[in-house]
file upload-v4.txt (compact mmCIF, C-alpha atoms)
# COMPACT_ATOMS: atom_id res chain seq x y z
CA MET A 1 37.94 -18.69 -1.28
CA ILE A 2 36.83 -15.93 -3.63
CA ASP A 3 34.90 -18.45 -5.75
CA LEU A 4 33.09 -19.71 -2.65
CA PHE A 5 32.25 -16.13 -1.66
CA MET A 6 30.85 -15.33 -5.12
CA ASP A 7 28.88 -18.58 -5.28
CA THR A 8 27.32 -17.93 -1.87
CA LEU A 9 26.58 -14.32 -2.76
CA GLY A 10 24.98 -15.42 -6.03
CA ILE A 11 22.74 -17.86 -4.16
CA LEU A 12 21.71 -15.12 -1.73
CA VAL A 13 20.94 -12.65 -4.55
CA ALA A 14 18.88 -15.28 -6.38
CA SER A 15 17.08 -16.06 -3.12
CA ALA A 16 16.40 -12.35 -2.57
CA ILE A 17 14.80 -12.11 -6.01
CA GLY A 18 12.67 -15.20 -5.47
CA ILE A 19 11.60 -14.27 -1.94
CA GLY A 20 10.85 -10.67 -2.94
CA PHE A 21 8.67 -11.84 -5.83
CA ILE A 22 6.68 -14.46 -3.88
CA HIS A 23 6.39 -12.27 -0.76
CA THR A 24 4.95 -9.42 -2.81
CA LEU A 25 2.71 -11.58 -4.99
CA ILE A 26 0.90 -13.25 -2.10
CA GLY A 27 0.79 -10.11 0.03
CA VAL A 28 -2.49 -8.52 -1.06
CA ASP A 29 -1.76 -5.50 1.12
CA HIS A 30 1.17 -4.69 -1.19
CA THR A 31 -1.05 -4.06 -4.21
CA LEU A 32 -4.81 -3.93 -3.55
CA PRO A 33 -4.87 -0.57 -1.72
CA PHE A 34 -3.18 1.19 -4.65
CA VAL A 35 -5.43 -0.41 -7.26
CA VAL A 36 -8.76 0.32 -5.59
CA LEU A 37 -7.84 3.83 -4.45
CA GLY A 38 -6.33 4.72 -7.82
CA ARG A 39 -9.50 3.64 -9.62
CA ALA A 40 -11.85 5.17 -7.05
CA ARG A 41 -10.13 8.56 -7.10
CA GLY A 42 -9.67 8.56 -10.85
CA TRP A 43 -5.89 8.74 -10.65
CA SER A 44 -3.95 8.07 -13.83
CA LEU A 45 -1.90 4.88 -13.99
CA ALA A 46 1.30 6.95 -13.84
CA ARG A 47 0.20 8.65 -10.60
CA THR A 48 -0.92 5.35 -9.10
CA LEU A 49 2.42 3.72 -9.95
CA ARG A 50 4.38 6.66 -8.52
CA LEU A 51 2.58 6.28 -5.20
CA THR A 52 3.12 2.51 -5.35
CA ALA A 53 6.87 2.97 -5.91
CA VAL A 54 7.26 5.54 -3.12
CA CYS A 55 5.32 3.40 -0.62
CA GLY A 56 7.24 0.29 -1.69
CA LEU A 57 10.52 2.11 -1.14
CA GLY A 58 9.42 3.23 2.32
CA HIS A 59 8.27 -0.32 3.06
CA VAL A 60 11.65 -1.87 2.25
CA ALA A 61 13.76 0.98 3.64
CA SER A 62 12.16 0.82 7.09
CA SER A 63 13.11 -2.85 7.47
CA VAL A 64 16.60 -2.25 6.07
CA LEU A 65 17.23 0.58 8.54
CA LEU A 66 15.86 -1.42 11.45
CA GLY A 67 17.87 -4.49 10.51
CA SER A 68 21.10 -2.54 9.92
CA PHE A 69 20.75 -0.58 13.14
CA GLY A 70 19.74 -3.57 15.25
CA LEU A 71 22.27 -6.03 13.87
CA GLY A 72 24.97 -3.38 14.00
CA LEU A 73 24.33 -2.95 17.72
CA GLY A 74 24.32 -6.69 18.24
CA VAL A 75 20.60 -6.97 18.99
CA ALA A 76 19.49 -10.61 19.02
CA LEU A 77 17.73 -11.84 15.88
CA GLY A 78 14.79 -13.09 17.95
CA ARG A 79 14.22 -9.61 19.35
CA LEU A 80 14.34 -8.05 15.88
CA LYS A 81 11.83 -10.63 14.63
CA GLY A 82 9.59 -9.70 17.56
CA VAL A 83 9.77 -6.03 16.58
CA GLU A 84 8.93 -6.90 12.97
CA GLU A 85 5.95 -9.01 14.07
CA PHE A 86 4.68 -6.12 16.18
CA ARG A 87 5.06 -3.75 13.24
CA GLY A 88 3.19 -6.21 11.01
CA ASN A 89 0.26 -6.44 13.42
CA LEU A 90 0.20 -2.67 13.82
CA ALA A 91 0.22 -2.10 10.05
CA ALA A 92 -2.60 -4.64 9.58
CA TRP A 93 -4.80 -2.93 12.16
CA VAL A 94 -4.04 0.49 10.67
CA LEU A 95 -5.14 -0.84 7.26
CA ILE A 96 -8.36 -2.18 8.76
CA VAL A 97 -9.19 1.06 10.55
CA PHE A 98 -8.17 3.22 7.58
CA GLY A 99 -10.31 1.14 5.21
CA LEU A 100 -13.39 1.20 7.43
CA VAL A 101 -13.08 4.95 8.05
CA TYR A 102 -12.63 5.58 4.33
CA ALA A 103 -15.71 3.47 3.51
CA ALA A 104 -17.78 5.23 6.17
CA TRP A 105 -16.68 8.64 4.89
CA SER A 106 -17.62 7.61 1.35
CA MET A 107 -21.09 6.42 2.34
CA ALA A 108 -21.71 9.57 4.39
CA ARG A 109 -20.65 11.80 1.47
CA LYS A 110 -22.86 9.83 -0.93
CA ARG A 111 -25.90 10.19 1.34
CA ARG A 112 -25.24 13.93 1.68
CA SER A 113 -25.02 14.31 -2.09
CA GLN A 114 -28.28 12.40 -2.52
CA ARG A 115 -30.03 14.63 0.03
CA GLU A 116 -28.80 17.77 -1.72
CA ALA A 117 -29.91 16.43 -5.10
CA HIS A 118 -33.34 15.60 -3.66
CA ALA A 119 -33.64 19.09 -2.18
CA HIS A 120 -32.90 20.65 -5.57
CA GLU A 121 -35.44 18.42 -7.29
CA THR A 122 -38.18 19.49 -4.85
CA GLY A 123 -37.56 23.14 -5.55
CA VAL A 124 -35.25 24.20 -2.75
CA VAL A 125 -32.71 26.75 -3.96
CA HIS A 126 -29.31 27.24 -2.33
CA ALA A 127 -27.70 30.67 -2.47
CA HIS A 128 -24.11 29.94 -3.42
CA GLY A 129 -21.90 31.03 -6.27
CA ARG A 130 -21.18 28.40 -8.87
CA GLY A 131 -17.51 29.25 -9.17
CA ILE A 132 -16.93 29.26 -5.41
CA SER A 133 -18.67 25.90 -5.01
CA VAL A 134 -16.58 24.26 -7.71
CA ALA A 135 -13.34 25.71 -6.34
CA HIS A 136 -14.22 24.48 -2.84
CA GLN A 137 -15.00 21.02 -4.11
CA HIS A 138 -11.77 20.88 -6.13
CA GLY A 139 -9.75 21.97 -3.13
CA SER A 140 -11.38 19.28 -0.99
CA ASP A 141 -10.58 16.61 -3.59
CA VAL A 142 -6.93 17.66 -3.73
CA SER A 143 -6.52 17.72 0.05
CA GLY A 144 -8.36 14.40 0.37
CA ALA A 145 -6.13 12.77 -2.23
CA SER A 146 -3.00 14.06 -0.50
CA LEU A 147 -4.21 12.79 2.87
CA THR A 148 -4.98 9.40 1.35
CA ALA A 149 -1.53 9.16 -0.25
CA TRP A 150 0.27 10.15 2.96
CA SER A 151 -1.82 7.71 4.98
CA LEU A 152 -0.83 4.85 2.69
CA PHE A 153 2.82 5.87 2.90
CA VAL A 154 2.74 5.82 6.70
CA VAL A 155 1.05 2.40 6.68
CA PHE A 156 3.75 0.98 4.41
CA VAL A 157 6.58 2.46 6.45
CA LEU A 158 5.05 0.80 9.52
CA GLY A 159 4.66 -2.51 7.68
CA PRO A 160 7.72 -4.79 7.78
CA CYS A 161 9.31 -6.92 5.06
CA GLU A 162 9.14 -10.03 7.24
CA PRO A 163 11.64 -12.25 5.35
CA LEU A 164 14.25 -9.57 4.72
CA ILE A 165 16.14 -9.54 8.03
CA PRO A 166 16.21 -13.24 9.06
CA LEU A 167 16.39 -14.86 5.62
CA LEU A 168 18.56 -12.39 3.71
CA MET A 169 20.31 -9.71 5.73
CA VAL A 170 21.66 -12.01 8.43
CA PRO A 171 23.20 -14.57 6.00
CA ALA A 172 24.55 -11.75 3.82
CA LEU A 173 26.19 -10.02 6.79
CA ASP A 174 27.91 -13.30 7.64
CA LEU A 175 29.82 -12.81 4.36
CA GLY A 176 30.64 -9.21 5.20
CA ALA A 177 28.92 -5.84 5.29
CA MET A 178 29.35 -5.24 1.56
CA ALA A 179 27.61 -8.51 0.70
CA ALA A 180 24.39 -7.18 2.24
CA VAL A 181 24.21 -4.37 -0.33
CA PRO A 182 23.54 -6.40 -3.52
CA VAL A 183 21.27 -8.80 -1.63
CA THR A 184 19.18 -5.96 -0.20
CA LEU A 185 19.08 -4.16 -3.55
CA ALA A 186 17.92 -7.33 -5.32
CA PHE A 187 15.13 -7.76 -2.78
CA ALA A 188 14.11 -4.09 -2.96
CA VAL A 189 14.06 -3.87 -6.77
CA THR A 190 12.13 -7.14 -7.07
CA THR A 191 9.60 -6.15 -4.41
CA ILE A 192 8.90 -2.70 -5.83
CA GLY A 193 8.95 -3.94 -9.43
CA THR A 194 6.48 -6.73 -8.66
CA MET A 195 4.22 -4.28 -6.84
CA MET A 196 4.14 -1.98 -9.86
CA VAL A 197 3.53 -4.77 -12.40
CA VAL A 198 0.66 -6.26 -10.38
CA VAL A 199 -0.88 -2.84 -9.70
CA ALA A 200 -0.71 -1.92 -13.41
CA ALA A 201 -2.33 -5.21 -14.46
CA ALA A 202 -5.10 -4.95 -11.87
CA TYR A 203 -5.63 -1.24 -12.62
CA TYR A 204 -6.46 -2.05 -16.23
CA GLY A 205 -8.46 -5.09 -15.13
CA LEU A 206 -10.84 -2.86 -13.19
CA ARG A 207 -11.58 -0.93 -16.39
CA MET A 208 -13.29 -3.97 -17.88
CA PRO A 209 -17.06 -3.64 -18.62
CA ALA A 210 -17.88 -6.15 -15.88
CA PHE A 211 -16.80 -3.62 -13.26
CA ARG A 212 -18.46 -0.54 -14.76
CA HIS A 213 -21.67 -0.93 -12.74
CA LEU A 214 -19.62 -0.74 -9.52
CA GLU A 215 -18.14 2.70 -10.25
CA ALA A 216 -20.91 4.51 -8.36
CA HIS A 217 -19.74 2.74 -5.19
CA ALA A 218 -16.02 2.90 -5.97
CA HIS A 219 -14.93 4.76 -2.83
CA THR A 220 -16.94 2.56 -0.47
CA LEU A 221 -15.67 -0.60 -2.14
CA ALA A 222 -12.12 0.75 -2.03
CA GLY A 223 -12.33 1.28 1.74
CA LEU A 224 -13.83 -2.15 2.36
CA THR A 225 -11.20 -3.80 0.15
CA ILE A 226 -8.38 -2.11 2.07
CA ALA A 227 -9.91 -3.20 5.38
CA PHE A 228 -10.25 -6.73 3.99
CA SER A 229 -6.59 -6.83 2.99
CA GLY A 230 -5.61 -5.85 6.53
CA LEU A 231 -7.93 -8.55 7.89
CA LEU A 232 -6.27 -11.16 5.66
CA ILE A 233 -2.89 -10.24 7.12
CA GLN A 234 -4.24 -10.82 10.63
CA LEU A 235 -6.01 -14.08 9.81
CA LEU A 236 -3.57 -15.69 7.38
CA GLY A 237 -0.33 -13.93 8.21
CA ILE A 238 0.33 -13.07 4.53

call {"tool": "encode", "arguments": {"input": "upload-v4.txt", "output": "structure tokens"}}
result
Amino acid sequence: MIDLFMDTLGILVASAIGIGFIHTLIGVDHTLPFVVLGRARGWSLARTLRLTAVCGLGHVASSVLLGSFGLGLGVALGRLKGVEEFRGNLAAWVLIVFGLVYAAWSMARKRRSQREAHAHETGVVHAHGRGISVAHQHGSDVSGASLTAWSLFVVFVLGPCEPLIPLLMVPALDLGAMAAVPVTLAFAVTTIGTMMVVVAAAYYGLRMPAFRHLEAHAHTLAGLTIAFSGLLIQLLGI
């Protein structure tokens, strides 16, 4: 009996690792937003990976809590899957809107900067202190980066781990409550680890000379890429 339990648990853990890896690898929304925003905002790789890990943890934890709470109360699996599908659609639309708003903000800021530069070139002088201007700009960058990071975190908490509850948690709970712990941990570690590896590889990939000429439009491209990743979720269900 114990051997059968361990064999079944081992199969579930191996499945959790495989599903977590494939699910994360094909889910562009799990990685692209961090890569493009990290490069656009000039974040270090360490900072980008920290945000990736925190968002990944929130992403997995929200589904674990929902699954544990729902299954513990005896909620039907079909109803939980319906909730997860709703969360997935909501997260996709939030990504689309967030990306488009971010791109629009970037283009508006770029046009404003170009107008100010043109005004200076034609001889118009603005009466502002250099130190105050720089401090204001730095403060805006910090607050903007924080808002961006929190927005991504909220999106990932909203977004479900679709295969976690029906494919892993339910079979694991059939073995007993304690069996769900290693299975869930295997899925979580694999998901977050894969996110970080892919983000790191793509982060360095965008430093290649072929992408240097796009740096002037980095923020706009970042917003459009995030919106595109949300669109892919809606169209392809990835």

call {"tool": "closest_residue", "arguments": {"input": "upload-v4.txt", "among": "A:Thr24, A:Ser62, A:Thr225, A:Thr8", "to": "Val155 of chain A", "atoms": "all atoms listed in the file"}}
result
A:Ser62

call {"tool": "residues_around", "arguments": {"input": "upload-v4.txt", "residues": "Val157 of chain A", "least_positions_apart": "6", "cutoff": "9 Å", "atoms": "all atoms listed in the file", "output": "JSON, numbers by chain"}}
result
{"A": [55, 56, 57, 58, 59, 60, 61, 62, 63, 91]}

call {"tool": "atom_distance", "arguments": {"input": "upload-v4.txt", "atom1": "atom CA of Leu9 of chain A", "atom2": "atom CA of Leu66 of chain A"}}
result
22.0 Å

call {"tool": "closest_residue", "arguments": {"input": "upload-v4.txt", "among": "A:Ile17, A:Ile96, A:Met178, A:Val183", "to": "Phe228 of chain A", "atoms": "all atoms listed in the file"}}
result
A:Ile96

call {"tool": "closest_residue", "arguments": {"input": "upload-v4.txt", "among": "A:Ala108, A:Leu37, A:Ile226, A:Leu12", "to": "Thr184 of chain A", "atoms": "all atoms listed in the file"}}
result
A:Leu12

call {"tool": "closest_residue", "arguments": {"input": "upload-v4.txt", "among": "A:Leu167, A:Leu158, A:Ala103, A:Ile11", "to": "Val36 of chain A", "atoms": "only C-alpha atoms"}}
result
A:Ala103

call {"tool": "atom_distance", "arguments": {"input": "upload-v4.txt", "atom1": "atom CA of Tyr102 of chain A", "atom2": "atom CA of Thr148 of chain A"}}
result
9.1 Å

call {"tool": "closest_residue", "arguments": {"input": "upload-v4.txt", "among": "A:Pro160, A:Gly205, A:Gly193, A:Gly176", "to": "Leu65 of chain A", "atoms": "only C-alpha atoms"}}
result
A:Pro160

call {"tool": "closest_residue", "arguments": {"input": "upload-v4.txt", "among": "A:Leu49, A:Leu224, A:Ile19, A:Met6", "to": "Ala201 of chain A", "atoms": "only C-alpha atoms"}}
result
A:Leu49

call {"tool": "atom_distance", "arguments": {"input": "upload-v4.txt", "atom1": "atom CA of Ala200 of chain A", "atom2": "atom CA of Ile22 of chain A"}}
result
17.4 Å

call {"tool": "residues_near_point", "arguments": {"input": "upload-v4.txt", "point": "(5.1, -5.6, -11.7)", "cutoff": "12 Å", "atoms": "all atoms listed in the file", "output": "list in words"}}
result
Gly20, Phe21, Ile22, Thr24, Leu25, His30, Thr31, Leu49, Thr52, Ala53, Gly56, Val189, Thr190, Thr191, Ile192, Gly193, Thr194, Met195, Met196, Val197, Val198, Val199, Ala200, Ala201, Ala202 and Tyr203 of chain A

call {"tool": "residues_around", "arguments": {"input": "upload-v4.txt", "residues": "Ala180 of chain A", "least_positions_apart": "5", "cutoff": "12 Å", "atoms": "all atoms listed in the file", "output": "ChimeraX atom specification"}}
result
/A:8-10,12-13,16,64,67-68,71,164-165,167-175,185-188

call {"tool": "build_atoms", "arguments": {"input": "upload-v4.txt", "residues": "segment 154-176 of chain A", "atoms": "N, CA and C atoms", "output": "compact mmCIF listing (two decimals), in the coordinates of the input"}}
result
# COMPACT_ATOMS: atom_id res chain seq x y z
N VAL A 154 2.48 6.11 5.29
CA VAL A 154 2.74 5.82 6.70
C VAL A 154 2.47 4.35 7.01
N VAL A 155 1.37 3.81 6.47
CA VAL A 155 1.05 2.40 6.68
C VAL A 155 2.18 1.51 6.17
N PHE A 156 2.71 1.82 4.99
CA PHE A 156 3.75 0.98 4.41
C PHE A 156 5.09 1.15 5.11
N VAL A 157 5.36 2.30 5.66
CA VAL A 157 6.58 2.46 6.45
C VAL A 157 6.47 1.63 7.74
N LEU A 158 5.27 1.60 8.31
CA LEU A 158 5.05 0.80 9.52
C LEU A 158 5.16 -0.70 9.22
N GLY A 159 4.70 -1.11 8.03
CA GLY A 159 4.66 -2.51 7.68
C GLY A 159 6.04 -3.07 7.38
N PRO A 160 6.39 -4.22 7.98
CA PRO A 160 7.72 -4.79 7.78
C PRO A 160 7.81 -5.67 6.54
N CYS A 161 9.02 -5.86 6.04
CA CYS A 161 9.31 -6.92 5.06
C CYS A 161 9.78 -8.12 5.87
N GLU A 162 8.86 -8.97 6.27
CA GLU A 162 9.14 -10.03 7.24
C GLU A 162 10.35 -10.90 6.89
N PRO A 163 10.52 -11.34 5.62
CA PRO A 163 11.64 -12.25 5.35
C PRO A 163 12.99 -11.57 5.18
N LEU A 164 13.01 -10.24 5.10
CA LEU A 164 14.25 -9.57 4.72
C LEU A 164 15.36 -9.76 5.75
N ILE A 165 15.08 -9.50 7.01
CA ILE A 165 16.14 -9.54 8.03
C ILE A 165 16.61 -10.98 8.30
N PRO A 166 15.71 -11.90 8.69
CA PRO A 166 16.21 -13.24 9.06
C PRO A 166 16.71 -14.09 7.90
N LEU A 167 16.06 -13.98 6.74
CA LEU A 167 16.39 -14.86 5.62
C LEU A 167 17.47 -14.31 4.69
N LEU A 168 17.65 -12.98 4.69
CA LEU A 168 18.56 -12.39 3.71
C LEU A 168 19.67 -11.55 4.33
N MET A 169 19.29 -10.61 5.20
CA MET A 169 20.31 -9.71 5.73
C MET A 169 21.29 -10.44 6.64
N VAL A 170 20.78 -11.31 7.50
CA VAL A 170 21.66 -12.01 8.43
C VAL A 170 22.66 -12.91 7.69
N PRO A 171 22.21 -13.77 6.75
CA PRO A 171 23.20 -14.57 6.00
C PRO A 171 24.17 -13.72 5.19
N ALA A 172 23.67 -12.60 4.62
CA ALA A 172 24.55 -11.75 3.82
C ALA A 172 25.61 -11.10 4.69
N LEU A 173 25.23 -10.66 5.90
CA LEU A 173 26.19 -10.02 6.79
C LEU A 173 27.25 -11.00 7.28
N ASP A 174 26.91 -12.29 7.27
CA ASP A 174 27.91 -13.30 7.64
C ASP A 174 29.07 -13.31 6.63
N LEU A 175 28.78 -12.88 5.39
CA LEU A 175 29.82 -12.81 4.36
C LEU A 175 30.60 -11.50 4.44
N GLY A 176 30.01 -10.53 5.13
CA GLY A 176 30.64 -9.21 5.20
C GLY A 176 29.61 -8.13 4.92
